[in-house]
Each structure stands twice: as C-alpha cells, then as structure tokens.
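Structure file entry_24.csv with CSV, C-alpha atoms and all ligand atoms:
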```csv
chain,number,residue,atom,x,y,z
A,1,MET,CA,78.9,14.0,210.0
A,2,LYS,CA,75.2,15.0,210.7
A,3,LEU,CA,73.3,18.2,210.3
A,4,TYR,CA,70.6,18.8,212.9
A,5,ASP,CA,67.8,20.6,211.0
A,6,PHE,CA,64.1,21.5,211.1
A,7,THR,CA,62.8,22.0,207.5
A,8,MET,CA,60.5,24.9,208.4
A,9,ALA,CA,63.0,26.9,210.3
A,10,PRO,CA,64.9,29.8,208.6
A,11,ASN,CA,68.4,29.4,210.1
A,12,PRO,CA,68.8,25.8,209.1
A,13,ARG,CA,67.6,26.8,205.6
A,14,ARG,CA,70.6,29.1,205.3
A,15,VAL,CA,72.9,26.2,205.8
A,16,ARG,CA,70.9,23.9,203.5
A,17,ILE,CA,71.1,26.5,200.7
A,18,PHE,CA,74.8,27.0,201.3
A,19,LEU,CA,75.4,23.3,201.0
A,20,ALA,CA,73.3,23.0,197.9
A,21,GLU,CA,75.4,25.8,196.3
A,22,LYS,CA,78.6,24.0,197.2
A,23,GLY,CA,77.2,20.6,196.0
A,24,ILE,CA,77.8,19.0,199.4
A,25,GLU,CA,75.5,16.4,200.8
A,26,VAL,CA,75.3,15.8,204.5
A,27,PRO,CA,73.0,13.4,206.3
A,28,VAL,CA,70.2,15.3,208.1
A,29,VAL,CA,68.5,14.7,211.4
A,30,GLN,CA,65.2,16.5,212.0
A,31,VAL,CA,64.7,18.1,215.4
A,32,ASN,CA,61.1,19.1,215.8
A,33,LEU,CA,61.0,22.7,217.1
A,34,ALA,CA,57.2,22.6,217.1
A,35,SER,CA,57.1,19.9,219.8
A,36,ALA,CA,60.1,21.5,221.6
A,37,GLU,CA,62.4,18.6,220.9
A,38,ASN,CA,65.3,21.2,220.9
A,39,ARG,CA,64.6,21.8,224.6
A,40,LYS,CA,65.0,18.2,225.6
A,41,PRO,CA,68.3,17.0,227.4
A,42,ASP,CA,69.4,15.0,224.4
A,43,PHE,CA,69.6,18.0,222.1
A,44,LEU,CA,70.7,20.4,224.8
A,45,ALA,CA,73.8,18.1,225.3
A,46,LYS,CA,74.7,19.0,221.7
A,47,ASN,CA,73.8,22.7,221.9
A,48,PRO,CA,73.1,24.0,225.4
A,49,ILE,CA,71.3,27.1,224.0
A,50,GLY,CA,68.9,24.8,222.1
A,51,THR,CA,69.0,26.3,218.7
A,52,LEU,CA,69.2,24.9,215.2
A,53,PRO,CA,71.2,24.3,213.0
A,54,VAL,CA,73.9,22.2,214.6
A,55,LEU,CA,76.6,20.3,212.7
A,56,GLU,CA,78.0,17.2,214.3
A,57,LEU,CA,81.5,16.4,213.0
A,58,ASP,CA,83.0,12.9,212.8
A,59,ASP,CA,85.3,13.6,215.8
A,60,GLY,CA,82.2,14.4,218.0
A,61,THR,CA,82.6,18.2,217.8
A,62,TYR,CA,79.3,20.1,217.7
A,63,LEU,CA,79.2,23.3,215.7
A,64,ALA,CA,76.3,25.7,216.2
A,65,GLU,CA,75.7,29.1,214.5
A,66,SER,CA,74.8,29.1,210.8
A,67,VAL,CA,77.7,31.2,209.7
A,68,ALA,CA,80.2,29.1,211.7
A,69,ILE,CA,78.8,26.0,210.0
A,70,CYS,CA,79.0,27.7,206.6
A,71,ARG,CA,82.6,28.8,207.3
A,72,TYR,CA,83.6,25.2,208.0
A,73,PHE,CA,82.3,24.1,204.6
A,74,GLU,CA,83.8,27.1,202.9
A,75,GLU,CA,87.2,26.1,204.2
A,76,LYS,CA,86.8,22.4,203.3
A,77,LYS,CA,85.5,23.2,199.8
A,78,PRO,CA,86.4,26.7,198.7
A,79,ASP,CA,84.7,26.4,195.2
A,80,PRO,CA,82.5,28.1,194.5
A,81,PRO,CA,83.6,30.9,196.9
A,82,LEU,CA,80.5,32.0,198.8
A,83,MET,CA,82.4,33.9,201.5
A,84,GLY,CA,84.7,36.0,199.4
A,85,ALA,CA,87.7,35.3,197.1
A,86,ASP,CA,90.4,37.6,198.4
A,87,ALA,CA,91.0,39.9,201.4
A,88,LYS,CA,88.9,42.8,200.2
A,89,ASP,CA,86.1,40.6,198.8
A,90,ARG,CA,86.0,38.5,202.0
A,91,ALA,CA,85.7,41.7,204.1
A,92,LEU,CA,82.9,43.0,201.8
A,93,VAL,CA,81.0,39.7,202.0
A,94,GLU,CA,81.3,39.7,205.7
A,95,MET,CA,80.1,43.3,205.9
A,96,TRP,CA,77.1,42.6,203.8
A,97,ASN,CA,76.3,39.3,205.5
A,98,ARG,CA,76.4,41.0,208.9
A,99,ARG,CA,74.2,43.7,207.7
A,100,MET,CA,71.7,41.2,206.3
A,101,GLU,CA,71.7,39.4,209.7
A,102,LEU,CA,71.5,42.5,211.9
A,103,GLU,CA,69.4,44.8,209.8
A,104,LEU,CA,67.0,42.3,208.1
A,105,PHE,CA,67.1,38.8,209.5
A,106,ILE,CA,66.9,39.7,213.2
A,107,PRO,CA,64.1,42.3,212.9
A,108,ILE,CA,62.1,39.9,210.7
A,109,ALA,CA,62.6,37.0,213.1
A,110,GLN,CA,61.8,39.3,216.1
A,111,ALA,CA,58.6,40.5,214.4
A,112,PHE,CA,57.5,36.8,214.1
A,113,ARG,CA,58.7,35.7,217.5
A,114,ASN,CA,56.9,38.6,219.3
A,115,THR,CA,53.6,38.4,217.4
A,116,SER,CA,53.0,34.8,216.3
A,117,ASP,CA,50.8,32.1,217.9
A,118,PHE,CA,53.7,29.7,217.3
A,119,PHE,CA,55.8,31.3,220.1
A,120,LYS,CA,52.8,32.0,222.4
A,121,GLY,CA,53.6,30.4,225.8
A,122,ARG,CA,57.1,29.4,224.6
A,123,ILE,CA,58.8,32.8,225.0
A,124,PRO,CA,57.8,36.1,226.7
A,125,GLN,CA,56.2,38.0,223.8
A,126,VAL,CA,56.1,41.8,223.4
A,127,PRO,CA,53.8,42.5,220.5
A,128,GLU,CA,54.7,46.2,220.4
A,129,TRP,CA,58.3,45.3,220.0
A,130,GLY,CA,57.3,43.0,217.2
A,131,LYS,CA,55.6,45.9,215.4
A,132,VAL,CA,58.7,48.1,215.8
A,133,CYS,CA,60.9,45.3,214.3
A,134,LYS,CA,58.5,44.9,211.4
A,135,GLU,CA,58.7,48.7,210.6
A,136,SER,CA,62.4,48.6,210.9
A,137,ALA,CA,62.7,45.6,208.5
A,138,LEU,CA,60.4,47.3,206.0
A,139,LYS,CA,62.6,50.4,206.1
A,140,ARG,CA,65.7,48.3,205.5
A,141,MET,CA,64.1,46.7,202.5
A,142,GLU,CA,63.6,50.2,201.0
A,143,TRP,CA,67.3,50.8,201.6
A,144,LEU,CA,68.2,47.4,200.0
A,145,ASP,CA,66.1,48.2,197.0
A,146,ASN,CA,68.3,51.3,196.4
A,147,GLU,CA,71.5,49.4,197.0
A,148,LEU,CA,70.5,46.9,194.4
A,149,ALA,CA,70.1,49.5,191.7
A,150,ASN,CA,73.7,49.3,190.7
A,151,ARG,CA,74.7,45.7,191.3
A,152,GLN,CA,73.4,42.2,190.7
A,153,PHE,CA,73.8,40.7,194.1
A,154,ILE,CA,73.9,41.9,197.7
A,155,ALA,CA,77.7,42.0,198.1
A,156,GLY,CA,78.7,42.7,194.5
A,157,ASP,CA,78.5,40.9,191.2
A,158,ARG,CA,78.8,37.4,192.6
A,159,TYR,CA,76.3,35.3,194.5
A,160,THR,CA,77.4,34.9,198.2
A,161,ILE,CA,76.3,34.0,201.7
A,162,ALA,CA,74.9,37.5,202.0
A,163,ASP,CA,72.3,36.6,199.3
A,164,ILE,CA,71.4,33.5,201.2
A,165,THR,CA,70.9,35.4,204.4
A,166,ALA,CA,68.8,38.1,202.7
A,167,LEU,CA,66.7,35.5,200.8
A,168,VAL,CA,65.9,33.4,203.8
A,169,ALA,CA,65.1,36.6,205.8
A,170,ILE,CA,62.7,38.0,203.2
A,171,ASP,CA,61.0,34.7,202.7
A,172,PHE,CA,60.5,34.5,206.5
A,173,GLY,CA,58.7,37.8,206.4
A,174,ARG,CA,55.6,36.2,204.8
A,175,PRO,CA,53.8,35.2,208.0
A,176,THR,CA,54.1,38.8,209.4
A,177,ASN,CA,53.3,40.3,206.0
A,178,ILE,CA,56.7,41.8,205.5
A,179,ARG,CA,56.8,41.8,201.7
A,180,ILE,CA,58.7,43.4,198.8
A,181,LEU,CA,56.6,46.3,197.6
A,182,PRO,CA,55.5,46.6,193.9
A,183,GLU,CA,57.7,49.7,193.5
A,184,GLN,CA,60.8,47.9,194.8
A,185,LYS,CA,61.8,46.8,191.4
A,186,ASN,CA,65.5,46.2,192.1
A,187,LEU,CA,64.8,44.1,195.2
A,188,ALA,CA,62.1,42.1,193.3
A,189,ARG,CA,64.5,41.5,190.4
A,190,TRP,CA,67.2,40.2,192.8
A,191,HIS,CA,64.6,38.1,194.8
A,192,GLN,CA,63.4,36.5,191.5
A,193,ALA,CA,67.0,35.7,190.5
A,194,VAL,CA,68.1,34.1,193.8
A,195,SER,CA,64.8,32.3,194.2
A,196,SER,CA,65.1,30.6,190.8
A,197,ARG,CA,68.4,29.0,191.7
A,198,PRO,CA,67.9,25.3,192.4
A,199,SER,CA,69.5,25.8,195.9
A,200,ALA,CA,66.5,28.0,197.0
A,201,LYS,CA,64.5,24.8,197.2
A,202,ALA,CA,66.9,23.3,199.7
A,301,LIG,N1,72.4,32.7,215.6
A,301,LIG,C1,71.8,31.4,215.4
A,301,LIG,C2,70.3,31.5,215.5
A,301,LIG,C3,69.7,30.1,215.5
A,301,LIG,C4,68.2,30.1,215.8
A,301,LIG,O1,67.7,31.0,216.4
A,301,LIG,N2,67.6,29.0,215.3
A,301,LIG,C5,66.1,28.9,215.5
A,301,LIG,C6,65.5,28.3,214.3
A,301,LIG,S1,65.5,29.4,212.9
A,301,LIG,C7,65.9,28.0,216.7
A,301,LIG,O2,66.5,27.0,216.8
A,301,LIG,N3,64.9,28.4,217.6
A,301,LIG,C8,64.5,27.6,218.6
A,301,LIG,C9,64.3,28.3,219.9
A,301,LIG,O3,64.7,29.5,220.0
A,301,LIG,O4,63.8,27.7,220.8
A,301,LIG,C10,72.3,30.9,214.0
A,301,LIG,O5,72.7,31.7,213.2
A,301,LIG,O6,72.3,29.7,213.7
```
Could you write out this file's structure as structure tokens?
Ligand SMILES: N[C@@H](CCC(=O)N[C@@H](CS)C(=O)NCC(=O)O)C(=O)O
Amino acid sequence: MKLYDFTMAPNPRRVRIFLAEKGIEVPVVQVNLASAENRKPDFLAKNPIGTLPVLELDDGTYLAESVAICRYFEEKKPDPPLMGADAKDRALVEMWNRRMELELFIPIAQAFRNTSDFFKGRIPQVPEWGKVCKESALKRMEWLDNELANRQFIAGDRYTIADITALVAIDFGRPTNIRILPEQKNLARWHQAVSSRPSAKA
C-alpha cells in the first residue's frame, strides 16, 4: 500500500491527520505539485484527474478523493470512530463533514486558486471570484463560531473527520488572509484544541 502525497497540499493533509488519529502508518510517495508532476502520464495513469491524495492498494486499486480514502481506513480500523459510531451519529458526522467541505474548504481553496501566484499560468484565474469566495468563507466562520458555542467539536462532543476538514480548511486560509477574528472565541478555542493534538502535525 502507498499514499501519494504532497506535504504542502491541504487535501493530502486531511488523510495524514486521519491516519495519525487512527495510529495507522502507510508508506508515502511525494508527488510534487509545484513542478506539475501530477500532470505527467505516470501519475495520470493512477488518477486521470491529476489530484492528490491517492491511495494505492496492494491489489493495484487506486483510490482518490480524501473522504473515500478515509472511509477505507475507517472500515479497516473502526477504532477510534472518526466517521460516526451509530446510524444517527454517522449521518450527523457526514452532514458536518459535507458542510465543512462545501461551505468552508471549497471557498477557501477557491480564494487561493483564483488569486495566488502559485496557480498563475496553471489554471484560468478569476480574481473577482476569489474575492467572493473569501467573503463567503469569512461569513461561514462567523456561523461556525456561533455553532461552537454549545459543543466541543464540529459534529458534537467527539473529535471526527469534520474537525479534520475544518482544521485543514482554516489553516489553508492563511495565504489569503482568511483568519479567525479575535472576537470569534468559540472558533479560536476549538482551533486551539484541535491544533494541539499530535495528529495536527501530520
Ligand atoms: N476532492 C478531492 C480534491 C483533491 C485536490 O484538489 N487536491 C489538490 C491538492 S490539495 C490537487 O491535487 N491539486 C492539483 C491540481 O489541481 O492540479 C479530494 O477530496 O481529495
């Protein structure tokens, strides 16, 4: 088994944190996004859309999509449960993880993709759209701060994949100056708690 990874990229970090929380070690192969190694035929044969992370199974199957890779490990090693413990809990974790992806991660990633020098010449950039996405992410952080007034973690009282998605998204906001505001005390408390877990360094 191998995990195709690029240390600086946010989606592979989601999987690395998930694995660290599970206590699973997987050999890692770095694919350099900066030099567009992910656009070369060798990598496209593994994932034709050219994105990371990708998990190569021992039978030669390639799994892409961060959540699909996490699902594989959740099924293989259910403890600790990071994707819910029973029907209702699993549905709630999925709801919150989807929200963290759609409402936070994607706008933050789009703000970066549409305004950063890193993507200049790599993708068509629409800086105005990047600004709209930044505003939208900042609004969602306000909402999340209110949500966190009454519970410890994003999906309830236990750490889950939704915390991983939200942590990686918010940390990825730094280059576009998307930050937790001083008055967002609940969000700051949560961010401090999840950042101080050893897995956050993965
Ligand atoms: N939906 C995918 C997104 C994967 C993705 O966009 N990965 C980025 C790195 S964070 C990537 O490989 N980008 C390279 C590119 O778009 O050329 C997932 O959840 O894994």
Report as a PyMOL selection string which protein, DNA and RNA residues come within 7 Å of ligand LIG 301 (chain A), using only C-alpha atoms and all ligand atoms. chain A and resi 9-12+33+38+50-53+64-67
Nearest to A:Ile17, restricted to only C-alpha atoms and choosing among A:Ala193, A:Lys139, A:Lys185, A:Cys70, comes out as A:Cys70
For A:Val31: contacts at 8 Å, only C-alpha atoms, fewer than 5 positions along chain excluded, given as a list in words: Tyr4, Asp5, Phe6, Glu37 and Asn38 of chain A
With C-alpha atoms kept, could you save the residues just selected as a PDB file, keeping the file's coordinate frame?
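Once everything was written out, this is selection.pdb:
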```
ATOM      1  CA  TYR A   4      70.600  18.800 212.900  1.00  0.00           C
ATOM      2  CA  ASP A   5      67.800  20.600 211.000  1.00  0.00           C
ATOM      3  CA  PHE A   6      64.100  21.500 211.100  1.00  0.00           C
ATOM      4  CA  GLU A  37      62.400  18.600 220.900  1.00  0.00           C
ATOM      5  CA  ASN A  38      65.300  21.200 220.900  1.00  0.00           C
TER       6      ASN A  38
END
```
Best match for closeness to A:Ile24 among A:Gly130, A:Ser199, A:Arg39, A:Gln192, counting all atoms listed in the file: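 Residue with the minimum atom-to-atom distance to A:Ile24: A:Ser199.
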Need to verify the contact set: A:Phe118, 12 Å, all atoms listed in the file, exclusion of same-chain residues closer than 3 positions in sequence. Can you return it as a list in words?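 That gives Ala9, Leu33, Ala34, Ser35, Ala36, Phe112, Arg113, Asn114, Thr115, Gly121, Arg122, Ile123, Gln125 and Pro175 of chain A.
If you measure from each of A:Gly173, A:Gly60, A:Gly156, A:Pro80 to A:Ser116 using only C-alpha atoms, the closest one turns out to be A:Gly173.
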Counting all atoms listed in the file, the residue of A:Ile49, A:Ala109, A:Ile178, A:Leu82 that sits nearest A:Glu94: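 Of A:Ile49, A:Ala109, A:Ile178, A:Leu82, the one nearest A:Glu94 is A:Leu82, counting all atoms listed in the file.
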Provide the atom CA of A:Arg99 to atom CA of A:Val126 distance in Å, to one decimal place. 24.0 Å
Point (65.1, 38.8, 202.8), cut-off 12 Å, counting only C-alpha atoms, residues as a short mmCIF file (atom, residue, chain, number, x, y, z; two decimals) with C-alpha atoms, in the coordinates of the input:
```
data_model
loop_
_atom_site.label_atom_id
_atom_site.label_comp_id
_atom_site.auth_asym_id
_atom_site.auth_seq_id
_atom_site.Cartn_x
_atom_site.Cartn_y
_atom_site.Cartn_z
CA PRO A 10 64.90 29.80 208.60
CA ARG A 14 70.60 29.10 205.30
CA ASN A 97 76.30 39.30 205.50
CA ARG A 99 74.20 43.70 207.70
CA MET A 100 71.70 41.20 206.30
CA GLU A 101 71.70 39.40 209.70
CA LEU A 102 71.50 42.50 211.90
CA GLU A 103 69.40 44.80 209.80
CA LEU A 104 67.00 42.30 208.10
CA PHE A 105 67.10 38.80 209.50
CA ILE A 106 66.90 39.70 213.20
CA PRO A 107 64.10 42.30 212.90
CA ILE A 108 62.10 39.90 210.70
CA ALA A 109 62.60 37.00 213.10
CA ALA A 137 62.70 45.60 208.50
CA LEU A 138 60.40 47.30 206.00
CA ARG A 140 65.70 48.30 205.50
CA MET A 141 64.10 46.70 202.50
CA GLU A 142 63.60 50.20 201.00
CA LEU A 144 68.20 47.40 200.00
CA ASP A 145 66.10 48.20 197.00
CA ILE A 154 73.90 41.90 197.70
CA ALA A 162 74.90 37.50 202.00
CA ASP A 163 72.30 36.60 199.30
CA ILE A 164 71.40 33.50 201.20
CA THR A 165 70.90 35.40 204.40
CA ALA A 166 68.80 38.10 202.70
CA LEU A 167 66.70 35.50 200.80
CA VAL A 168 65.90 33.40 203.80
CA ALA A 169 65.10 36.60 205.80
CA ILE A 170 62.70 38.00 203.20
CA ASP A 171 61.00 34.70 202.70
CA PHE A 172 60.50 34.50 206.50
CA GLY A 173 58.70 37.80 206.40
CA ARG A 174 55.60 36.20 204.80
CA ILE A 178 56.70 41.80 205.50
CA ARG A 179 56.80 41.80 201.70
CA ILE A 180 58.70 43.40 198.80
CA LEU A 187 64.80 44.10 195.20
CA ALA A 188 62.10 42.10 193.30
CA TRP A 190 67.20 40.20 192.80
CA HIS A 191 64.60 38.10 194.80
CA GLN A 192 63.40 36.50 191.50
CA VAL A 194 68.10 34.10 193.80
CA SER A 195 64.80 32.30 194.20
#
```
What's the separation between atom CA of A:Arg151 and atom CA of A:Trp96, in Å to one decimal place?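 Answer for the atom CA of A:Arg151 to atom CA of A:Trp96 separation: 13.1 Å.
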Taking only C-alpha atoms into account, name the residue in A:Pro41, A:Pro81, A:Pro27, A:Pro198 that is nearest to A:Leu57. A:Pro27
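The space separating atom CA of A:Val54 from atom CA of A:Asp79 comes to 22.6 Å.
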Write out as a ChimeraX atom specification each polymer residue whose atoms come within 10 Å of A:Ala20, counting only C-alpha atoms; drop sequence neighbours fewer than 5 positions from it. /A:14-15,25-26,197-202
